Each structure stands twice: as structure tokens, then as C-alpha cells.
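This is my_file07.cif (mmCIF, C-alpha atoms).
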```
data_structure
#
loop_
_atom_site.label_atom_id
_atom_site.label_comp_id
_atom_site.auth_asym_id
_atom_site.auth_seq_id
_atom_site.Cartn_x
_atom_site.Cartn_y
_atom_site.Cartn_z
CA MET A 1 0.00 0.00 0.00
CA PRO A 2 1.27 3.52 -0.68
CA GLU A 3 2.68 5.37 2.32
CA PRO A 4 0.17 8.13 3.19
CA VAL A 5 2.47 10.12 5.51
CA THR A 6 5.44 12.12 4.23
CA ALA A 7 6.73 13.46 7.57
CA ARG A 8 9.39 11.27 9.14
CA SER A 9 10.35 10.96 12.78
CA PRO A 10 12.84 8.79 14.66
CA ARG A 11 11.59 5.21 14.84
CA GLU A 12 10.35 4.07 18.21
CA LEU A 13 8.33 1.14 19.44
CA ARG A 14 5.39 2.11 21.62
CA ILE A 15 1.85 1.02 22.36
CA THR A 16 -0.67 3.35 20.73
CA ARG A 17 -4.11 3.79 22.23
CA LEU A 18 -6.99 2.60 20.07
CA THR A 19 -8.97 5.68 19.02
CA VAL A 20 -11.41 6.71 16.30
CA PRO A 21 -11.62 10.34 15.12
CA ALA A 22 -14.86 11.97 16.21
CA ALA A 23 -15.76 12.98 12.65
CA MET A 24 -15.94 9.39 11.44
CA ARG A 25 -17.41 7.60 14.45
CA THR A 26 -20.80 7.10 12.77
CA THR A 27 -19.14 5.54 9.75
CA PHE A 28 -16.91 3.47 12.02
CA ALA A 29 -19.92 2.19 13.98
CA LYS A 30 -21.73 1.08 10.82
CA ALA A 31 -18.62 -0.52 9.34
CA THR A 32 -17.77 -2.37 12.54
CA ILE A 33 -21.34 -3.68 12.90
CA ALA A 34 -20.94 -5.14 9.41
CA GLY A 35 -17.51 -6.49 10.35
CA PHE A 36 -18.86 -7.93 13.61
CA ALA A 37 -21.63 -9.79 11.77
CA SER A 38 -19.24 -11.16 9.14
CA PHE A 39 -16.71 -12.43 11.67
CA ALA A 40 -19.42 -13.84 13.94
CA VAL A 41 -20.62 -15.96 11.00
CA LEU A 42 -17.04 -17.02 10.36
CA GLY A 43 -16.71 -18.04 13.99
CA LEU A 44 -19.98 -19.97 13.88
CA PHE A 45 -18.87 -21.95 10.83
CA THR A 46 -15.37 -22.69 12.06
CA ALA A 47 -16.20 -23.45 15.70
CA VAL A 48 -19.80 -24.65 16.07
CA THR A 49 -21.04 -25.87 12.68
CA PRO A 50 -18.37 -28.62 12.43
CA LEU A 51 -19.55 -29.95 15.79
CA PHE A 52 -23.14 -29.84 14.54
CA LEU A 53 -22.29 -31.70 11.34
CA ARG A 54 -20.27 -34.36 13.14
CA THR A 55 -22.76 -34.83 15.99
CA LEU A 56 -26.15 -34.53 14.29
CA LEU A 57 -25.48 -35.33 10.63
CA ALA A 58 -22.48 -37.65 10.99
CA VAL A 59 -20.59 -36.03 8.09
CA PRO A 60 -17.05 -34.56 8.01
CA ALA A 61 -16.91 -30.76 8.23
CA GLY A 62 -13.43 -29.94 6.91
CA LEU A 63 -14.49 -29.55 3.29
CA LEU A 64 -17.44 -27.36 4.28
CA VAL A 65 -15.20 -24.93 6.18
CA CYS A 66 -12.72 -24.97 3.29
CA TRP A 67 -15.57 -24.11 0.91
CA LEU A 68 -16.68 -21.25 3.16
CA LEU A 69 -13.20 -19.70 3.09
CA ALA A 70 -12.90 -20.27 -0.67
CA VAL A 71 -16.14 -18.45 -1.51
CA SER A 72 -15.22 -15.72 0.99
CA THR A 73 -12.01 -15.18 -0.97
CA PHE A 74 -14.02 -15.12 -4.21
CA GLY A 75 -16.30 -12.46 -2.73
CA GLN A 76 -13.33 -10.30 -1.73
CA THR A 77 -11.40 -10.59 -4.97
CA VAL A 78 -14.15 -10.83 -7.62
CA LEU A 79 -17.46 -9.49 -6.32
CA VAL A 80 -16.24 -6.34 -4.57
CA PRO A 81 -14.61 -4.84 -7.72
CA ARG A 82 -17.73 -5.67 -9.71
CA LEU A 83 -20.31 -4.41 -7.21
CA ARG A 84 -18.28 -1.32 -6.26
CA ALA A 85 -20.61 1.16 -4.48
CA HIS A 86 -23.23 -1.54 -3.89
CA ALA A 87 -20.78 -4.04 -2.38
CA LEU A 88 -21.48 -3.36 1.31
CA PRO A 89 -25.31 -3.43 1.24
CA VAL A 90 -25.35 -6.39 -1.16
CA GLY A 91 -22.73 -8.23 0.89
CA SER A 92 -24.59 -7.59 4.14
CA ALA A 93 -27.89 -8.71 2.62
CA THR A 94 -26.26 -11.89 1.31
CA LEU A 95 -24.70 -12.50 4.72
CA ALA A 96 -28.07 -12.02 6.44
CA PHE A 97 -29.81 -14.39 4.04
CA GLY A 98 -27.00 -16.94 4.41
CA ALA A 99 -27.26 -16.82 8.22
CA LEU A 100 -31.03 -17.25 7.98
CA VAL A 101 -30.68 -20.23 5.64
CA LEU A 102 -28.08 -21.63 8.04
CA ALA A 103 -30.57 -21.39 10.90
CA GLY A 104 -33.10 -23.27 8.77
CA ALA A 105 -30.50 -25.88 7.80
CA LEU A 106 -29.56 -26.46 11.43
CA ALA A 107 -33.21 -26.66 12.48
CA ALA A 108 -34.03 -29.18 9.73
CA GLY A 109 -30.72 -31.05 9.89
CA SER A 110 -30.43 -30.68 6.12
CA LEU A 111 -27.01 -31.05 4.48
CA PRO A 112 -28.13 -29.56 1.10
CA LEU A 113 -29.43 -26.46 2.87
CA GLN A 114 -26.17 -26.35 4.81
CA LEU A 115 -24.25 -26.21 1.53
CA VAL A 116 -26.45 -23.38 0.24
CA ALA A 117 -26.03 -21.49 3.53
CA THR A 118 -22.25 -21.95 3.40
CA THR A 119 -22.06 -20.50 -0.10
CA LEU A 120 -24.24 -17.49 0.69
CA ALA A 121 -22.59 -16.79 4.03
CA GLY A 122 -19.10 -17.09 2.56
CA LEU A 123 -19.87 -14.69 -0.28
CA GLY A 124 -21.50 -12.25 2.12
CA GLN A 125 -18.70 -12.52 4.66
CA GLY A 126 -15.92 -11.83 2.19
CA THR A 127 -17.71 -8.99 0.46
CA THR A 128 -18.80 -7.33 3.68
CA PHE A 129 -15.41 -7.62 5.38
CA ARG A 130 -13.34 -6.20 2.54
CA THR A 131 -15.75 -3.37 1.79
CA ALA A 132 -16.12 -2.33 5.44
CA LEU A 133 -12.35 -2.21 5.88
CA ALA A 134 -11.91 -0.32 2.58
CA LEU A 135 -14.54 2.20 3.67
CA LEU A 136 -12.68 2.90 6.91
CA THR A 137 -9.35 3.18 5.10
CA ALA A 138 -10.80 5.65 2.60
CA THR A 139 -12.46 7.86 5.22
CA SER A 140 -9.71 7.83 7.88
CA PRO A 141 -7.27 10.76 8.18
CA PRO A 142 -3.95 9.55 6.70
CA ASP A 143 -2.11 9.78 10.01
CA ARG A 144 -4.86 7.91 11.91
CA ARG A 145 -5.43 4.92 9.62
CA ALA A 146 -3.41 2.51 11.74
CA GLU A 147 -5.45 3.36 14.86
CA VAL A 148 -8.77 3.06 13.02
CA ALA A 149 -7.84 -0.22 11.29
CA SER A 150 -6.54 -1.69 14.55
CA SER A 151 -9.78 -0.71 16.31
CA PHE A 152 -11.76 -2.40 13.55
CA PHE A 153 -9.78 -5.62 13.88
CA VAL A 154 -10.16 -5.64 17.66
CA VAL A 155 -13.94 -5.65 17.14
CA ALA A 156 -13.60 -8.34 14.46
CA TYR A 157 -11.56 -10.62 16.70
CA ILE A 158 -14.00 -10.13 19.55
CA ALA A 159 -16.76 -11.13 17.12
CA ILE A 160 -15.00 -14.34 16.14
CA SER A 161 -14.39 -15.37 19.75
CA ALA A 162 -16.70 -13.96 22.43
CA PRO A 163 -20.05 -14.88 20.80
CA ILE A 164 -18.79 -18.41 20.21
CA VAL A 165 -17.95 -18.77 23.90
CA GLY A 166 -21.51 -17.64 24.62
CA GLU A 167 -22.75 -20.14 22.07
CA GLY A 168 -20.87 -22.90 23.87
CA LEU A 169 -22.51 -21.94 27.15
CA ALA A 170 -25.93 -21.85 25.47
CA VAL A 171 -25.35 -25.35 24.05
CA GLN A 172 -25.03 -26.67 27.60
CA LEU A 173 -28.32 -25.02 28.59
CA VAL A 174 -30.62 -25.55 25.59
CA GLY A 175 -28.81 -28.04 23.38
CA LEU A 176 -26.70 -27.79 20.22
CA ARG A 177 -29.51 -27.46 17.69
CA THR A 178 -31.49 -24.77 19.53
CA ALA A 179 -28.43 -22.71 20.41
CA SER A 180 -27.07 -22.86 16.84
CA VAL A 181 -30.41 -21.88 15.29
CA GLY A 182 -30.76 -18.97 17.71
CA PHE A 183 -27.25 -17.76 16.96
CA GLY A 184 -27.93 -17.89 13.22
CA VAL A 185 -31.08 -15.82 13.60
CA VAL A 186 -29.31 -13.19 15.72
CA VAL A 187 -26.52 -12.80 13.16
CA ALA A 188 -29.08 -12.57 10.35
CA VAL A 189 -30.86 -9.72 12.15
CA LEU A 190 -27.54 -7.95 12.79
CA ALA A 191 -26.48 -8.22 9.15
CA ALA A 192 -29.92 -7.11 7.96
CA GLY A 193 -29.63 -4.01 10.13
CA THR A 194 -26.31 -3.22 8.46
CA THR A 195 -27.95 -3.56 5.05
CA ALA A 196 -30.65 -1.07 5.97
CA SER A 197 -28.18 1.48 7.37
CA PHE A 198 -26.09 1.83 4.21
CA ARG A 199 -26.96 3.49 0.94
CA PRO A 200 -24.78 3.09 -2.14
CA THR A 201 -22.18 5.86 -2.36
CA ALA A 202 -19.04 6.51 -4.33
CA PRO A 203 -16.92 3.34 -4.04
CA PRO A 204 -14.01 3.53 -1.61
CA THR A 205 -10.57 2.55 -2.85
CA PRO A 206 -9.59 -0.77 -1.18
#
```

Taking this structure as input, can you express it in the form of C-alpha cells?
Amino acid sequence: MPEPVTARSPRELRITRLTVPAAMRTTFAKATIAGFASFAVLGLFTAVTPLFLRTLLAVPAGLLVCWLLAVSTFGQTVLVPRLRAHALPVGSATLAFGALVLAGALAAGSLPLQLVATTLAGLGQGTTFRTALALLTATSPPDRRAEVASSFFVVAYIAISAPIVGEGLAVQLVGLRTASVGFGVVVAVLAAGTTASFRPTAPPTP
């Protein structure tokens, strides 16, 4: 990536506080909600869905997770450049629909529906993640991009870990199927809210 700062100072290693400029906090909130939903889906597929497949459907899950990551990569590299200004709302809508189909697949114990949900969720996850990060990069002051991007990734890593811990606790209380269906519905609602909050604008430069 091109270096955005021309001023040079003596190099020093220090811990920088995570901050977001006041002028872009609304944009940051919307982008991180989208990022939270996309990484929560990723966490669900990589941590809980394999257990569901192995326990309730008696099928191996490795290929399904591999397919999720493959279509996520396709969404980032192919769909985002094509969709441009529409990438974030379309990606969030696809993510929401994929999470909803996933909830239905888990409720019905259907492997074909699981494959459809994996494809939709992967496309939505990749598209949403790349576009949200590109939006923050494009709207951040040049000398604050590292702080903003780091703050975004802190939220993303919380999304891929903390909800899954909660999911594991819920499994012990209400069972694997009920907890997984409920988690899918919550993520679908979160992603749908992101879709409604964004209108197509000039495409950010990734």
C-alpha cells in the first residue's frame, strides 16, 4: 500500500491507544457492525457448525469450512470490484440471508441447505469484510489509519471469539440445535440491520 504520511520521525516502538476520530465515528460504527456480523458468521462456521455436522449429521466438516473460506475469498477478490458502491449493502444482505438459511438448515438437519447457507454466508462474509475495511481506510485521516484499522480488527476478533464462547454456554443449557439456530437468527438480524443502514455511495478505494 502507498505510504500516506510524508513526515518522518525517529523510529520508536510504543503502544498506541486505540482511538477513532470523532468525525468518522458514525461511519466506524456502521462498518464495525458489518464487520462484527461477518466475523461472527465465520466463527460460527469454524467453531460450532463442524460440531453440529459431526454430531447430528455424521458427516465430516473440513471440506465445508474450506468451501466457506474459498467463496469468501471469491467475494473479496471478484465481487467487490464488480459491485463497487453496492458491495457493502449487497454483501450484508447476502450475509443475512445466508445466516437465515443456516438457521433453517440447522433446524431441519439438512445437508443440502447447509451447503447453500455456506455458499451465501461465505460470499456475504468476504464482500462485507473487505468493503467495510476499505470504507474505513478511505475515510480515515492519513495519520490515523493505523489506529482506526486496529480498532476495527479488535472488534472483528471479539466477534469471532466472544459470541462463540456464549454459544458454547448456550449449548449446555438448551442443546446444540437450539443454540445454533438462535445464533444464526441473531446474526441474520444484525447483518440485515447493516444492510438497511447503508446506501450506495461513491466506491471507496480498497

Got a sec to resolve the PyMOL selection byres ((chain A and resi 120) around 12) on this structure and send the residues as a VMD selection string? chain A and resid 38 41 67 to 72 74 to 75 90 to 102 113 to 119 121 to 128 188

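Atom CA of A:Thr131 is found 9.7 Å from atom CA of A:Pro81.
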
Can you tell me how far atom CA of A:Pro141 sits from atom CA of A:Ala196, in Å to one decimal? 26.3 Å

Residues matched by the PyMOL selection byres ((chain A and resi 46) around 12) as a list in words: Phe39, Ala40, Val41, Leu42, Gly43, Leu44, Phe45, Ala47, Val48, Thr49, Pro50, Leu51, Phe52, Leu53, Ala61, Gly62, Leu63, Leu64, Val65, Cys66, Trp67, Leu68, Leu69, Thr118, Gly122, Ile160, Ser161 and Ile164 of chain A

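Residues matched by the PyMOL selection byres ((chain A and resi 145-150) around 10) in this structure: Pro4, Thr16, Arg17, Leu18, Thr19, Val20, Pro21, Met24, Arg25, Phe28, Leu133, Ala134, Leu136, Thr137, Ala138, Thr139, Ser140, Pro141, Pro142, Asp143, Arg144, Ser151, Phe152, Phe153, Val154, Val155 and Ala156 of chain A.
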
Measure the distance from atom CA of A:Ala105 to atom CA of A:Arg177 in Å and round it to one decimal.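 A separation of 10.1 Å between them.
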
A:Gly166 environment, 10 Å, only C-alpha atoms, sequence neighbours closer than 4 positions dropped, as a PyMOL selection string: chain A and resi 161-162+170-171+179+183

Pick from A:Arg130, A:Arg14, A:His86, A:Arg54 nearest to A:Gly109, counting only C-alpha atoms: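 The shortest atom-to-atom distance to A:Gly109 comes from A:Arg54.
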
Taking into account only C-alpha atoms, which residue in the set A:Ala132, A:Ile158, A:Ala103, A:Val165 is nearest to A:Val186?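 Using only C-alpha atoms, the shortest distance to A:Val186 belongs to A:Ala103.
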
Between A:Ala34, A:Ala107, A:Ala192, A:Leu135, which one has atoms that come closest to A:Gly175, using all atoms listed in the file? A:Ala107

Limit the output to N, CA and C atoms and give stretch 82-121 of chain A as a tab-separated table (two decimals), in the first residue's frame.
```tsv
chain	number	residue	atom	x	y	z
A	82	ARG	N	-16.60	-5.74	-8.79
A	82	ARG	CA	-17.73	-5.67	-9.71
A	82	ARG	C	-18.90	-4.88	-9.13
A	83	LEU	N	-19.17	-5.08	-7.84
A	83	LEU	CA	-20.31	-4.41	-7.21
A	83	LEU	C	-20.02	-2.96	-6.87
A	84	ARG	N	-18.75	-2.66	-6.56
A	84	ARG	CA	-18.28	-1.32	-6.26
A	84	ARG	C	-19.13	-0.65	-5.18
A	85	ALA	N	-19.88	0.40	-5.50
A	85	ALA	CA	-20.61	1.16	-4.48
A	85	ALA	C	-21.70	0.35	-3.80
A	86	HIS	N	-22.15	-0.72	-4.46
A	86	HIS	CA	-23.23	-1.54	-3.89
A	86	HIS	C	-22.68	-2.72	-3.08
A	87	ALA	N	-21.36	-2.84	-2.96
A	87	ALA	CA	-20.78	-4.04	-2.38
A	87	ALA	C	-21.19	-4.25	-0.93
A	88	LEU	N	-21.19	-3.18	-0.11
A	88	LEU	CA	-21.48	-3.36	1.31
A	88	LEU	C	-22.94	-3.72	1.56
A	89	PRO	N	-23.92	-3.00	1.00
A	89	PRO	CA	-25.31	-3.43	1.24
A	89	PRO	C	-25.62	-4.79	0.65
A	90	VAL	N	-25.10	-5.08	-0.55
A	90	VAL	CA	-25.35	-6.39	-1.16
A	90	VAL	C	-24.68	-7.49	-0.34
A	91	GLY	N	-23.43	-7.24	0.08
A	91	GLY	CA	-22.73	-8.23	0.89
A	91	GLY	C	-23.43	-8.49	2.21
A	92	SER	N	-23.90	-7.42	2.87
A	92	SER	CA	-24.59	-7.59	4.14
A	92	SER	C	-25.92	-8.32	3.97
A	93	ALA	N	-26.63	-8.02	2.89
A	93	ALA	CA	-27.89	-8.71	2.62
A	93	ALA	C	-27.65	-10.19	2.35
A	94	THR	N	-26.60	-10.49	1.58
A	94	THR	CA	-26.26	-11.89	1.31
A	94	THR	C	-25.86	-12.61	2.59
A	95	LEU	N	-25.10	-11.92	3.43
A	95	LEU	CA	-24.70	-12.50	4.72
A	95	LEU	C	-25.92	-12.78	5.59
A	96	ALA	N	-26.86	-11.84	5.64
A	96	ALA	CA	-28.07	-12.02	6.44
A	96	ALA	C	-28.88	-13.21	5.93
A	97	PHE	N	-29.04	-13.29	4.61
A	97	PHE	CA	-29.81	-14.39	4.04
A	97	PHE	C	-29.09	-15.72	4.29
A	98	GLY	N	-27.76	-15.72	4.15
A	98	GLY	CA	-27.00	-16.94	4.41
A	98	GLY	C	-27.14	-17.40	5.85
A	99	ALA	N	-27.10	-16.46	6.80
A	99	ALA	CA	-27.26	-16.82	8.22
A	99	ALA	C	-28.66	-17.35	8.49
A	100	LEU	N	-29.65	-16.78	7.81
A	100	LEU	CA	-31.03	-17.25	7.98
A	100	LEU	C	-31.20	-18.66	7.42
A	101	VAL	N	-30.63	-18.89	6.23
A	101	VAL	CA	-30.68	-20.23	5.64
A	101	VAL	C	-29.93	-21.22	6.53
A	102	LEU	N	-28.82	-20.77	7.12
A	102	LEU	CA	-28.08	-21.63	8.04
A	102	LEU	C	-28.94	-22.03	9.23
A	103	ALA	N	-29.67	-21.06	9.78
A	103	ALA	CA	-30.57	-21.39	10.90
A	103	ALA	C	-31.60	-22.44	10.49
A	104	GLY	N	-32.15	-22.28	9.27
A	104	GLY	CA	-33.10	-23.27	8.77
A	104	GLY	C	-32.46	-24.63	8.55
A	105	ALA	N	-31.21	-24.62	8.04
A	105	ALA	CA	-30.50	-25.88	7.80
A	105	ALA	C	-30.22	-26.61	9.10
A	106	LEU	N	-29.84	-25.85	10.13
A	106	LEU	CA	-29.56	-26.46	11.43
A	106	LEU	C	-30.84	-26.98	12.07
A	107	ALA	N	-31.94	-26.22	11.91
A	107	ALA	CA	-33.21	-26.66	12.48
A	107	ALA	C	-33.71	-27.94	11.82
A	108	ALA	N	-33.53	-28.02	10.48
A	108	ALA	CA	-34.03	-29.18	9.73
A	108	ALA	C	-33.02	-30.32	9.68
A	109	GLY	N	-31.75	-30.03	10.02
A	109	GLY	CA	-30.72	-31.05	9.89
A	109	GLY	C	-30.48	-31.43	8.45
A	110	SER	N	-30.53	-30.44	7.56
A	110	SER	CA	-30.43	-30.68	6.12
A	110	SER	C	-29.03	-30.33	5.61
A	111	LEU	N	-28.33	-31.30	5.04
A	111	LEU	CA	-27.01	-31.05	4.48
A	111	LEU	C	-27.09	-30.20	3.20
A	112	PRO	N	-28.03	-30.44	2.27
A	112	PRO	CA	-28.13	-29.56	1.10
A	112	PRO	C	-28.34	-28.10	1.46
A	113	LEU	N	-29.22	-27.84	2.42
A	113	LEU	CA	-29.43	-26.46	2.87
A	113	LEU	C	-28.17	-25.91	3.52
A	114	GLN	N	-27.43	-26.76	4.19
A	114	GLN	CA	-26.17	-26.35	4.81
A	114	GLN	C	-25.18	-25.90	3.75
A	115	LEU	N	-25.15	-26.58	2.62
A	115	LEU	CA	-24.25	-26.21	1.53
A	115	LEU	C	-24.65	-24.86	0.93
A	116	VAL	N	-25.96	-24.65	0.75
A	116	VAL	CA	-26.45	-23.38	0.24
A	116	VAL	C	-26.10	-22.25	1.22
A	117	ALA	N	-26.33	-22.50	2.51
A	117	ALA	CA	-26.03	-21.49	3.53
A	117	ALA	C	-24.54	-21.16	3.56
A	118	THR	N	-23.70	-22.17	3.40
A	118	THR	CA	-22.25	-21.95	3.40
A	118	THR	C	-21.83	-21.05	2.25
A	119	THR	N	-22.40	-21.31	1.07
A	119	THR	CA	-22.06	-20.50	-0.10
A	119	THR	C	-22.50	-19.05	0.08
A	120	LEU	N	-23.73	-18.85	0.51
A	120	LEU	CA	-24.24	-17.49	0.69
A	120	LEU	C	-23.49	-16.76	1.80
A	121	ALA	N	-23.28	-17.44	2.91
A	121	ALA	CA	-22.59	-16.79	4.03
A	121	ALA	C	-21.15	-16.47	3.68
```
